[in-house]
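Asker: Structure file structure.cif (mmCIF, C-alpha atoms and all ligand atoms) right here:
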data_upload
#
loop_
_atom_site.label_atom_id
_atom_site.label_comp_id
_atom_site.auth_asym_id
_atom_site.auth_seq_id
_atom_site.Cartn_x
_atom_site.Cartn_y
_atom_site.Cartn_z
CA MET V 178 0.63 -70.21 29.48
CA ASP V 179 -1.18 -68.52 32.33
CA LEU V 180 1.04 -65.75 33.71
CA ALA V 181 -0.35 -66.37 37.22
CA GLU V 182 0.95 -69.97 36.93
CA LEU V 183 4.40 -68.66 36.10
CA LEU V 184 4.44 -66.34 39.11
CA LYS V 185 4.30 -69.32 41.48
CA LEU V 186 7.99 -69.72 40.76
CA PHE V 187 8.64 -66.05 41.58
CA ARG V 188 6.75 -66.42 44.85
CA GLY V 189 8.97 -69.39 45.79
CA ILE V 190 5.97 -71.68 45.95
CA SER V 191 7.07 -73.97 43.17
CA ASN V 192 10.44 -75.28 41.93
CA GLY V 193 9.22 -75.22 38.36
CA GLY V 194 5.51 -75.16 38.20
CA TRP V 195 4.44 -76.05 34.71
CA ASP V 196 4.71 -78.89 32.24
CA PRO V 197 7.30 -77.84 29.63
CA THR V 198 5.78 -80.10 26.98
CA GLU V 199 2.35 -78.48 27.22
CA ASN V 200 3.27 -75.18 25.55
CA ASN V 201 6.73 -76.06 24.26
CA PHE V 202 8.10 -73.64 26.87
CA HIS V 203 10.81 -74.82 29.22
CA LEU V 204 11.08 -74.11 32.93
CA TYR V 205 13.01 -71.00 33.93
CA THR V 206 16.45 -71.36 35.43
CA LEU V 207 17.49 -68.83 38.04
CA VAL V 208 21.13 -69.79 37.46
CA LEU V 209 22.11 -67.18 34.88
CA ALA V 210 22.94 -68.64 31.45
CA ALA V 211 22.45 -72.31 32.37
CA GLN V 212 19.54 -72.31 29.93
CA THR V 213 21.91 -71.75 27.00
CA LEU V 214 23.54 -75.13 27.71
CA HIS V 215 20.16 -76.80 28.15
CA SER V 216 18.98 -75.30 24.87
CA VAL V 217 21.97 -76.51 22.88
CA GLY V 218 21.64 -79.99 24.38
CA TYR V 219 17.96 -79.98 23.49
CA ALA V 220 18.69 -78.69 19.98
CA MET V 221 21.24 -81.48 19.46
CA GLY V 222 18.55 -83.94 20.57
CA ILE V 223 16.09 -82.46 18.05
CA GLN V 224 18.75 -82.82 15.36
CA ARG V 225 19.20 -86.53 16.09
CA ASP V 226 15.45 -87.18 16.36
CA GLN V 227 14.94 -85.49 13.02
CA LYS V 228 17.64 -87.59 11.34
CA LEU V 229 15.89 -90.73 12.57
CA ALA V 230 12.47 -89.44 11.57
CA GLU V 231 13.71 -88.55 8.07
CA ALA V 232 15.33 -91.98 7.69
CA ASN V 233 11.88 -93.40 8.46
CA GLY V 234 10.32 -91.27 5.74
CA SER V 235 8.78 -88.61 8.00
CA ASN V 236 7.95 -85.22 6.55
CA ASP V 237 7.16 -83.51 9.87
CA PRO V 238 7.93 -79.79 10.16
CA LYS V 239 11.39 -79.13 11.56
CA ALA V 240 11.92 -77.70 15.02
CA ALA V 241 14.45 -75.35 16.63
CA VAL V 242 15.12 -73.87 20.07
CA VAL V 243 15.33 -70.24 21.25
CA ALA V 244 17.39 -69.48 24.35
CA TYR V 245 16.79 -66.07 25.97
CA PHE V 246 19.41 -64.47 28.23
CA GLY V 247 20.68 -61.05 29.28
CA ASP V 248 23.78 -58.94 28.60
CA GLY V 249 25.09 -59.83 32.05
CA ALA V 250 24.47 -63.53 31.50
CA SER V 251 26.56 -63.29 28.31
CA SER V 252 29.69 -63.11 30.51
CA GLU V 253 29.04 -66.57 31.95
CA GLY V 254 31.21 -69.49 30.81
CA ASP V 255 28.02 -71.42 30.03
CA VAL V 256 27.27 -69.08 27.10
CA HIS V 257 30.76 -69.58 25.64
CA GLU V 258 30.56 -73.37 25.96
CA SER V 259 27.08 -73.54 24.49
CA MET V 260 28.10 -71.39 21.51
CA VAL V 261 31.15 -73.57 20.84
CA PHE V 262 29.01 -76.71 20.91
CA ALA V 263 26.20 -75.14 18.89
CA ALA V 264 28.67 -74.16 16.16
CA SER V 265 30.55 -77.47 16.18
CA TYR V 266 27.36 -79.51 15.86
CA ASN V 267 25.48 -76.98 13.69
CA ALA V 268 22.68 -77.21 16.27
CA PRO V 269 19.24 -75.72 15.47
CA VAL V 270 19.36 -73.04 18.17
CA VAL V 271 18.80 -69.28 18.27
CA PHE V 272 20.60 -67.37 21.02
CA PHE V 273 18.52 -64.32 21.89
CA CYS V 274 20.44 -61.85 24.05
CA GLN V 275 18.32 -59.05 25.49
CA ASN V 276 20.92 -56.31 25.90
CA ASN V 277 19.09 -53.92 28.22
CA HIS V 278 22.35 -52.08 29.12
CA TRP V 279 22.43 -53.23 32.73
CA ALA V 280 23.11 -56.34 34.80
CA ILE V 281 21.76 -55.02 38.09
CA SER V 282 24.34 -52.20 38.65
CA VAL V 283 26.93 -53.31 36.07
CA PRO V 284 26.72 -51.56 32.68
CA THR V 285 27.20 -53.46 29.41
CA GLU V 286 30.51 -51.66 28.73
CA VAL V 287 31.97 -53.72 31.55
CA GLN V 288 30.59 -57.00 30.21
CA THR V 289 31.98 -56.57 26.72
CA LYS V 290 34.47 -54.47 24.76
CA VAL V 291 32.78 -55.24 21.42
CA PRO V 292 29.09 -55.09 20.48
CA LEU V 293 27.66 -58.38 21.76
CA PHE V 294 26.35 -59.56 18.37
CA ASN V 295 29.96 -59.45 17.05
CA ARG V 296 30.88 -62.33 19.30
CA ALA V 297 29.01 -64.74 17.02
CA LYS V 298 31.68 -64.20 14.34
CA GLY V 299 34.27 -65.72 16.66
CA TYR V 300 32.20 -68.87 16.99
CA GLY V 301 31.47 -69.04 13.28
CA PHE V 302 27.78 -68.24 12.96
CA PRO V 303 25.76 -65.11 12.14
CA GLY V 304 25.21 -62.42 14.76
CA ILE V 305 22.59 -59.68 14.27
CA ARG V 306 21.79 -56.60 16.30
CA VAL V 307 18.16 -55.57 16.17
CA ASP V 308 16.44 -52.54 17.68
CA GLY V 309 14.94 -54.24 20.71
CA ASN V 310 12.30 -51.53 21.06
CA ASP V 311 10.95 -52.22 17.59
CA VAL V 312 8.44 -55.05 18.11
CA ILE V 313 8.00 -55.76 14.41
CA ALA V 314 11.75 -55.85 13.71
CA VAL V 315 12.36 -58.20 16.65
CA HIS V 316 9.63 -60.51 15.39
CA ALA V 317 10.98 -60.48 11.83
CA VAL V 318 14.58 -61.18 12.89
CA THR V 319 13.51 -63.97 15.25
CA GLU V 320 11.42 -65.58 12.52
CA TRP V 321 14.35 -65.40 10.09
CA ALA V 322 16.78 -66.85 12.64
CA LEU V 323 14.42 -69.71 13.53
CA GLU V 324 13.96 -70.55 9.87
CA HIS V 325 17.75 -70.49 9.44
CA ALA V 326 18.13 -72.94 12.34
CA ARG V 327 15.26 -75.19 11.24
CA GLU V 328 16.65 -75.47 7.71
CA GLY V 329 19.84 -76.93 9.14
CA ARG V 330 21.96 -73.82 8.50
CA GLY V 331 23.05 -73.66 12.16
CA PRO V 332 22.84 -71.28 15.09
CA VAL V 333 22.24 -67.51 15.09
CA LEU V 334 22.90 -64.92 17.79
CA ILE V 335 20.38 -62.07 18.03
CA GLU V 336 21.26 -59.07 20.17
CA ALA V 337 18.11 -57.09 20.96
CA TYR V 338 19.35 -53.62 21.83
CA THR V 339 17.09 -52.11 24.47
CA TYR V 340 17.08 -50.61 27.94
CA ARG V 341 15.92 -51.54 31.43
CA VAL V 342 13.99 -48.40 32.39
CA GLY V 343 13.02 -49.64 35.84
CA ALA V 344 14.93 -51.11 38.77
CA HIS V 345 16.37 -54.65 38.50
CA THR V 346 14.21 -55.83 41.42
CA THR V 347 12.32 -54.23 44.31
CA ALA V 348 15.61 -54.49 46.28
CA ASP V 349 17.49 -52.39 43.71
CA ASP V 350 17.86 -48.59 43.62
CA PRO V 351 19.17 -47.44 40.20
CA THR V 352 19.63 -43.82 41.39
CA LYS V 353 22.75 -45.10 43.20
CA TYR V 354 24.60 -45.99 39.99
CA ARG V 355 23.14 -44.19 36.94
CA GLU V 356 21.89 -40.86 35.69
CA SER V 357 18.14 -40.37 35.40
CA ALA V 358 18.68 -38.55 32.06
CA GLU V 359 19.59 -41.91 30.53
CA GLU V 360 16.37 -43.44 31.82
CA ILE V 361 14.29 -40.52 30.57
CA SER V 362 15.75 -40.66 27.06
CA TRP V 363 14.92 -44.40 26.80
CA ARG V 364 11.41 -43.91 28.20
CA GLY V 365 10.74 -41.87 25.05
CA LYS V 366 11.46 -45.01 23.00
CA ASP V 367 8.88 -47.17 24.77
CA PRO V 368 8.20 -50.11 22.42
CA LEU V 369 4.46 -50.28 23.20
CA ASP V 370 3.86 -46.55 22.58
CA ARG V 371 5.87 -46.87 19.40
CA LEU V 372 3.85 -49.84 18.13
CA GLU V 373 0.60 -48.07 18.97
CA LYS V 374 1.74 -44.97 17.03
CA TYR V 375 2.74 -47.12 14.09
CA LEU V 376 -0.58 -48.97 13.98
CA ARG V 377 -2.51 -45.69 14.22
CA ASN V 378 -0.41 -43.87 11.60
CA GLU V 379 -0.72 -46.74 9.15
CA GLY V 380 -4.46 -47.04 9.81
CA LEU V 381 -3.98 -50.69 10.80
CA ALA V 382 -6.06 -50.50 13.99
CA ASP V 383 -8.92 -48.30 15.15
CA GLU V 384 -9.91 -46.87 18.52
CA ALA V 385 -12.15 -49.88 19.24
CA PHE V 386 -9.12 -52.17 18.92
CA PHE V 387 -7.05 -50.14 21.41
CA GLU V 388 -10.00 -49.97 23.78
CA GLN V 389 -10.31 -53.77 23.61
CA VAL V 390 -6.57 -54.13 24.30
CA ARG V 391 -6.95 -51.93 27.39
CA VAL V 392 -9.96 -53.94 28.63
CA ASP V 393 -8.17 -57.26 28.02
CA GLY V 394 -5.05 -55.92 29.76
CA ASP V 395 -6.98 -54.77 32.83
CA LYS V 396 -8.76 -58.13 32.99
CA LEU V 397 -5.48 -60.03 32.79
CA ALA V 398 -3.87 -57.80 35.45
CA ALA V 399 -6.83 -58.33 37.81
CA HIS V 400 -6.67 -62.09 37.25
CA VAL V 401 -2.90 -62.21 37.90
CA ARG V 402 -3.23 -60.07 41.05
CA SER V 403 -6.08 -62.04 42.58
CA THR V 404 -4.55 -65.45 41.73
CA THR V 405 -1.12 -64.45 43.04
CA GLN V 406 -2.50 -62.96 46.25
CA GLY V 407 -4.54 -66.13 46.80
CA LEU V 408 -1.52 -68.45 46.57
CA GLN V 409 -0.83 -70.55 49.64
CA GLY V 410 2.64 -70.75 51.21
CA PRO V 411 5.15 -73.28 49.85
CA ASN V 412 5.00 -76.93 50.81
CA PHE V 413 8.65 -77.63 51.70
CA ARG V 414 8.13 -81.41 51.47
CA GLU V 415 7.71 -81.03 47.70
CA SER V 416 11.19 -79.55 47.45
CA PHE V 417 12.69 -82.63 49.09
CA ALA V 418 10.50 -84.97 47.02
CA GLY V 419 11.78 -83.45 43.78
CA VAL V 420 15.52 -83.90 44.37
CA TYR V 421 15.77 -87.47 43.02
CA ALA V 422 13.29 -89.71 41.21
CA GLU V 423 13.96 -92.50 43.73
CA PRO V 424 14.05 -92.16 47.55
CA HIS V 425 17.53 -91.22 48.84
CA PRO V 426 18.72 -91.74 52.43
CA LEU V 427 20.49 -88.38 52.65
CA VAL V 428 17.42 -86.49 51.41
CA ALA V 429 15.25 -88.42 53.90
CA GLU V 430 17.68 -87.48 56.69
CA GLU V 431 17.65 -83.81 55.72
CA LEU V 432 13.85 -83.78 55.47
CA ALA V 433 13.58 -85.31 58.97
CA TRP V 434 15.89 -82.57 60.30
CA PHE V 435 13.89 -79.86 58.57
CA GLU V 436 10.58 -81.22 59.87
CA GLU V 437 11.94 -81.12 63.40
CA TYR V 438 13.27 -77.59 62.86
CA SER V 439 9.91 -76.41 61.45
CA ALA V 440 8.04 -77.97 64.38
CA GLY V 441 10.04 -75.61 66.62
CA PHE V 442 8.02 -72.63 65.36
CA GLU V 443 5.32 -72.86 68.03
CA GLY V 444 2.07 -71.17 67.18
CA ASN V 445 3.13 -70.41 63.61
CA GLU V 446 1.67 -72.09 60.57
CA GLU V 447 3.08 -75.55 59.93
CA GLU V 448 4.95 -74.24 56.90
CA GLY V 449 6.34 -71.27 58.85
CA ALA V 450 10.02 -72.15 58.56
CA GLY V 451 9.71 -72.70 54.84
CA ASN V 452 8.46 -69.18 54.15
C1 LIG C 501 25.16 -67.82 38.01
C2 LIG C 501 24.47 -66.62 38.64
N1 LIG C 501 25.22 -65.61 39.12
C3 LIG C 501 24.63 -64.54 39.69
C4 LIG C 501 23.27 -64.47 39.80
C5 LIG C 501 22.61 -63.25 40.46
N2 LIG C 501 21.97 -62.40 39.45
C6 LIG C 501 20.65 -62.46 39.22
S1 LIG C 501 20.15 -61.44 37.99
C7 LIG C 501 21.73 -60.86 37.75
C8 LIG C 501 22.02 -59.84 36.67
C9 LIG C 501 21.56 -60.32 35.33
O1 LIG C 501 21.80 -59.36 34.35
P1 LIG C 501 21.40 -59.60 32.84
O2 LIG C 501 21.88 -60.92 32.37
O3 LIG C 501 21.84 -58.41 32.08
O4 LIG C 501 19.79 -59.75 32.91
P2 LIG C 501 18.69 -58.62 33.21
O5 LIG C 501 18.38 -58.72 34.67
O6 LIG C 501 19.23 -57.30 32.80
O7 LIG C 501 17.53 -59.06 32.35
C10 LIG C 501 22.63 -61.47 38.64
C11 LIG C 501 24.06 -61.19 38.72
C12 LIG C 501 22.51 -65.57 39.30
N3 LIG C 501 21.18 -65.57 39.34
N4 LIG C 501 23.13 -66.62 38.72
MG MG C 502 20.68 -56.85 31.41
#
Show this structure as structure tokens.
Answerer:
Amino acid sequence: MDLAELLKLFRGISNGGWDPTENNFHLYTLVLAAQTLHSVGYAMGIQRDQKLAEANGSNDPKAAVVAYFGDGASSEGDVHESMVFAASYNAPVVFFCQNNHWAISVPTEVQTKVPLFNRAKGYGFPGIRVDGNDVIAVHAVTEWALEHAREGRGPVLIEAYTYRVGAHTTADDPTKYRESAEEISWRGKDPLDRLEKYLRNEGLADEAFFEQVRVDGDKLAAHVRSTTQGLQGPNFRESFAGVYAEPHPLVAEELAWFEEYSAGFEGNEEEGAGN
């Protein structure tokens, strides 16, 4: 999907923003780890649909779900519950934990006393640690895990071992809680540089290819910048309209209050209070 479309959510302009069915890509949840529960529920739905389809003689390719979450998110109860359910129902789901060593200022050692992939053993399904800075290895492991899930062999936990070289957000200052030496050593393992070196060494891509990648990248960046900068402020009425499918008196009451409150911002844009 268009990255600029996705950034509407980050700008607070949209509560979701895209149609999950269009690209088979679900909406983000800002509530850490909630997506693992959604994924297992969805995977259990797939499982039931497939049983019905097979009973009706269908030979359609089988589907599975991948749920992405961080090392910090792995401490949430939601992850535990979803792994219990995934194992109990042998759900076609791949849990992909991006262990980038940090959850804002909290290091992974605080989140877990064992390597994260080992947790899968306790739930009764395979757990694999992969070098998260090795693009090809991550792709291969994900493909294997998805095939495992699609074939009805149950869930898999992948731990992609990597590092967050930058700050968590623009409001975060990593110099307050970690040594820059750690950052520098991981910068040397940059996955893109590494892939480029590999492709060059193996003679799999020539200079023209890398030049094209640079041109495409610059074009995409320019598109994302101009589209994002051109986005209008949020329409707060949409937030109220999306709470329930049917009108609800309490929502209507709260919207009326908010409209009155917004109207108090004399001289500002109509949407001023919603920004
Ligand atoms: C349930 C919940 N608690 C707290 C937060 C605030 N929060 C946002 S990101 C974050 C850290 C996430 O760390 P990690 O899962 O390691 O993901 P990373 O940012 O490293 O990709 C926290 C605590 C939240 N969004 N949801
Ligand atoms: Mg993290």
Asker: Kindly provide, as AutoDock Vina command-line options, the centre and edge lengths (Å, one decimal) of an axis-aligned box around all atoms of ligand LIG 501 (chain C) given in the file, with 6 Å on each side.
Answerer:
--center_x 21.4 --center_y -62.6 --center_z 36.3 --size_x 19.7 --size_y 22.5 --size_z 20.4
Asker: Fewer than 5 positions away in the same chain doesn't count, so skip those; otherwise give me all residues within 12 Å of Leu408 in chain V, counting only C-alpha atoms, as a ChimeraX atom specification.
Answerer: /V:181-182,184-191,401-403
Asker: Please produce a file of the residues just selected, as an mmCIF file, keeping the file's coordinate frame, where the atoms kept are C-alpha atoms.
Answerer:
data_model
loop_
_atom_site.group_PDB
_atom_site.id
_atom_site.type_symbol
_atom_site.label_atom_id
_atom_site.label_comp_id
_atom_site.auth_asym_id
_atom_site.auth_seq_id
_atom_site.Cartn_x
_atom_site.Cartn_y
_atom_site.Cartn_z
ATOM 1 C CA ALA V 181 -0.350 -66.370 37.220
ATOM 2 C CA GLU V 182 0.950 -69.970 36.930
ATOM 3 C CA LEU V 184 4.440 -66.340 39.110
ATOM 4 C CA LYS V 185 4.300 -69.320 41.480
ATOM 5 C CA LEU V 186 7.990 -69.720 40.760
ATOM 6 C CA PHE V 187 8.640 -66.050 41.580
ATOM 7 C CA ARG V 188 6.750 -66.420 44.850
ATOM 8 C CA GLY V 189 8.970 -69.390 45.790
ATOM 9 C CA ILE V 190 5.970 -71.680 45.950
ATOM 10 C CA SER V 191 7.070 -73.970 43.170
ATOM 11 C CA VAL V 401 -2.900 -62.210 37.900
ATOM 12 C CA ARG V 402 -3.230 -60.070 41.050
ATOM 13 C CA SER V 403 -6.080 -62.040 42.580
#
Asker: Residues up to 6 Å from ligand MG 502 (chain C), counting only C-alpha atoms and all ligand atoms: could you list those as number ranges by chain?
Answerer: V: 247-249, 276-280
Asker: To one decimal in Å, tell me the separation between CA of Gly222 in chain V and CA of Gln275 in chain V.
Answerer: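 Interatomic distance here is 25.4 Å.
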Asker: If the limit is 9 Å from any atom of ligand LIG 501 (chain C), counting all atoms listed in the file, which residues qualify? Return them as JSON, numbers by chain.
Answerer: {"V": [206, 207, 208, 209, 210, 211, 246, 247, 248, 249, 250, 251, 252, 253, 274, 275, 276, 277, 278, 279, 280, 281, 282, 283, 284, 285, 340, 341, 345, 346]}
Asker: Rank V:Pro292, V:Pro269, V:Gly419, V:Gly444 by their smallest atom-to-atom distance to Leu432 in chain V, using only C-alpha atoms, and report the top residue only.
Answerer: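 The shortest atom-to-atom distance to Leu432 in chain V comes from V:Gly419.
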Asker: Show me, as CSV, the residues of range 338-446 of chain V having an atom within 12 Å of range 307-328 of chain V, each with the closest atom pair and its distance in Å, using all atoms listed in the file.
Answerer:
residue,atom,partner,partner_atom,distance
V:Tyr338,CA,V:Gly309,CA,4.6
V:Thr339,CA,V:Gly309,CA,4.8
V:Tyr340,CA,V:Gly309,CA,8.4
V:Arg341,CA,V:Asn310,CA,11.0
V:Val342,CA,V:Asn310,CA,11.9
V:Trp363,CA,V:Asn310,CA,9.5
V:Arg364,CA,V:Asn310,CA,10.5
V:Gly365,CA,V:Asn310,CA,10.6
V:Lys366,CA,V:Asn310,CA,6.9
V:Asp367,CA,V:Asn310,CA,6.7
V:Pro368,CA,V:Asn310,CA,4.5
V:Leu369,CA,V:Val312,CA,8.0
V:Asp370,CA,V:Asn310,CA,9.9
V:Arg371,CA,V:Asp311,CA,7.6
V:Leu372,CA,V:Val312,CA,6.9
V:Glu373,CA,V:Val312,CA,10.5
V:Lys374,CA,V:Asp311,CA,11.7
V:Tyr375,CA,V:Ile313,CA,10.1
V:Leu376,CA,V:Ile313,CA,11.0
Asker: At what distance in Å, to one decimal, does CA of Asn201 in chain V lie from CA of Glu231 in chain V?
Answerer: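 Distance reported for this atom pair: 21.6 Å.
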Asker: How far is it from CA of Gln406 in chain V to CA of Thr198 in chain V, in Å with one decimal?
Answerer: 27.1 Å
Asker: Within 12 Å of Ser216 in chain V, counting only C-alpha atoms, which residues qualify if same-chain residues fewer than 6 places away don't, as number ranges by chain?
Answerer: V: 202-206, 210, 222-223, 241-246, 255-256, 258-260, 262-263, 268-273, 332
Asker: Nearest to Thr213 in chain V: which of V:Asp383, V:Leu334, V:Pro197, V:Val287 is it, counting all atoms listed in the file?
Answerer: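 Smallest distance to Thr213 in chain V is found for V:Leu334.
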Asker: Complete the atom set of range 187-207 of chain V to N, CA and C atoms and return it as a PDB file, keeping the file's coordinate frame.
Answerer:
ATOM      1  N   PHE V 187       8.120 -67.302  41.021  1.00  0.00           N
ATOM      2  CA  PHE V 187       8.640 -66.050  41.580  1.00  0.00           C
ATOM      3  C   PHE V 187       8.287 -65.895  43.053  1.00  0.00           C
ATOM      4  N   ARG V 188       7.160 -66.487  43.445  1.00  0.00           N
ATOM      5  CA  ARG V 188       6.750 -66.420  44.850  1.00  0.00           C
ATOM      6  C   ARG V 188       7.451 -67.499  45.689  1.00  0.00           C
ATOM      7  N   GLY V 189       8.256 -68.342  45.059  1.00  0.00           N
ATOM      8  CA  GLY V 189       8.970 -69.390  45.790  1.00  0.00           C
ATOM      9  C   GLY V 189       8.057 -70.525  46.234  1.00  0.00           C
ATOM     10  N   ILE V 190       6.928 -70.654  45.559  1.00  0.00           N
ATOM     11  CA  ILE V 190       5.970 -71.680  45.950  1.00  0.00           C
ATOM     12  C   ILE V 190       6.207 -72.968  45.166  1.00  0.00           C
ATOM     13  N   SER V 191       6.847 -72.816  44.021  1.00  0.00           N
ATOM     14  CA  SER V 191       7.070 -73.970  43.170  1.00  0.00           C
ATOM     15  C   SER V 191       8.526 -73.968  42.685  1.00  0.00           C
ATOM     16  N   ASN V 192       9.080 -75.172  42.472  1.00  0.00           N
ATOM     17  CA  ASN V 192      10.440 -75.280  41.930  1.00  0.00           C
ATOM     18  C   ASN V 192      10.451 -75.220  40.408  1.00  0.00           C
ATOM     19  N   GLY V 193       9.319 -75.248  39.822  1.00  0.00           N
ATOM     20  CA  GLY V 193       9.220 -75.220  38.360  1.00  0.00           C
ATOM     21  C   GLY V 193       7.835 -74.726  38.060  1.00  0.00           C
ATOM     22  N   GLY V 194       6.891 -75.607  38.188  1.00  0.00           N
ATOM     23  CA  GLY V 194       5.510 -75.160  38.200  1.00  0.00           C
ATOM     24  C   GLY V 194       4.663 -75.511  37.013  1.00  0.00           C
ATOM     25  N   TRP V 195       5.275 -75.740  35.864  1.00  0.00           N
ATOM     26  CA  TRP V 195       4.440 -76.050  34.710  1.00  0.00           C
ATOM     27  C   TRP V 195       5.064 -77.195  33.921  1.00  0.00           C
ATOM     28  N   ASP V 196       4.243 -77.764  33.052  1.00  0.00           N
ATOM     29  CA  ASP V 196       4.710 -78.890  32.240  1.00  0.00           C
ATOM     30  C   ASP V 196       5.316 -78.323  30.959  1.00  0.00           C
ATOM     31  N   PRO V 197       6.643 -78.453  30.796  1.00  0.00           N
ATOM     32  CA  PRO V 197       7.300 -77.840  29.630  1.00  0.00           C
ATOM     33  C   PRO V 197       6.770 -78.345  28.296  1.00  0.00           C
ATOM     34  N   THR V 198       6.223 -79.556  28.274  1.00  0.00           N
ATOM     35  CA  THR V 198       5.780 -80.100  26.980  1.00  0.00           C
ATOM     36  C   THR V 198       4.441 -79.507  26.549  1.00  0.00           C
ATOM     37  N   GLU V 199       3.697 -78.966  27.523  1.00  0.00           N
ATOM     38  CA  GLU V 199       2.350 -78.480  27.220  1.00  0.00           C
ATOM     39  C   GLU V 199       2.348 -77.330  26.205  1.00  0.00           C
ATOM     40  N   ASN V 200       3.215 -76.340  26.444  1.00  0.00           N
ATOM     41  CA  ASN V 200       3.270 -75.180  25.550  1.00  0.00           C
ATOM     42  C   ASN V 200       4.615 -75.035  24.841  1.00  0.00           C
ATOM     43  N   ASN V 201       5.419 -76.133  24.905  1.00  0.00           N
ATOM     44  CA  ASN V 201       6.730 -76.060  24.260  1.00  0.00           C
ATOM     45  C   ASN V 201       7.575 -74.938  24.878  1.00  0.00           C
ATOM     46  N   PHE V 202       7.451 -74.767  26.179  1.00  0.00           N
ATOM     47  CA  PHE V 202       8.100 -73.640  26.870  1.00  0.00           C
ATOM     48  C   PHE V 202       8.768 -74.189  28.129  1.00  0.00           C
ATOM     49  N   HIS V 203      10.104 -74.147  28.127  1.00  0.00           N
ATOM     50  CA  HIS V 203      10.810 -74.820  29.220  1.00  0.00           C
ATOM     51  C   HIS V 203      10.765 -74.040  30.531  1.00  0.00           C
ATOM     52  N   LEU V 204      11.047 -74.750  31.609  1.00  0.00           N
ATOM     53  CA  LEU V 204      11.080 -74.110  32.930  1.00  0.00           C
ATOM     54  C   LEU V 204      12.176 -73.056  32.970  1.00  0.00           C
ATOM     55  N   TYR V 205      11.989 -72.022  33.750  1.00  0.00           N
ATOM     56  CA  TYR V 205      13.010 -71.000  33.930  1.00  0.00           C
ATOM     57  C   TYR V 205      14.160 -71.573  34.748  1.00  0.00           C
ATOM     58  N   THR V 206      15.363 -71.045  34.517  1.00  0.00           N
ATOM     59  CA  THR V 206      16.450 -71.360  35.430  1.00  0.00           C
ATOM     60  C   THR V 206      16.892 -70.056  36.062  1.00  0.00           C
ATOM     61  N   LEU V 207      17.047 -70.054  37.362  1.00  0.00           N
ATOM     62  CA  LEU V 207      17.490 -68.830  38.040  1.00  0.00           C
ATOM     63  C   LEU V 207      19.005 -68.736  38.033  1.00  0.00           C
TER      64      LEU V 207
END
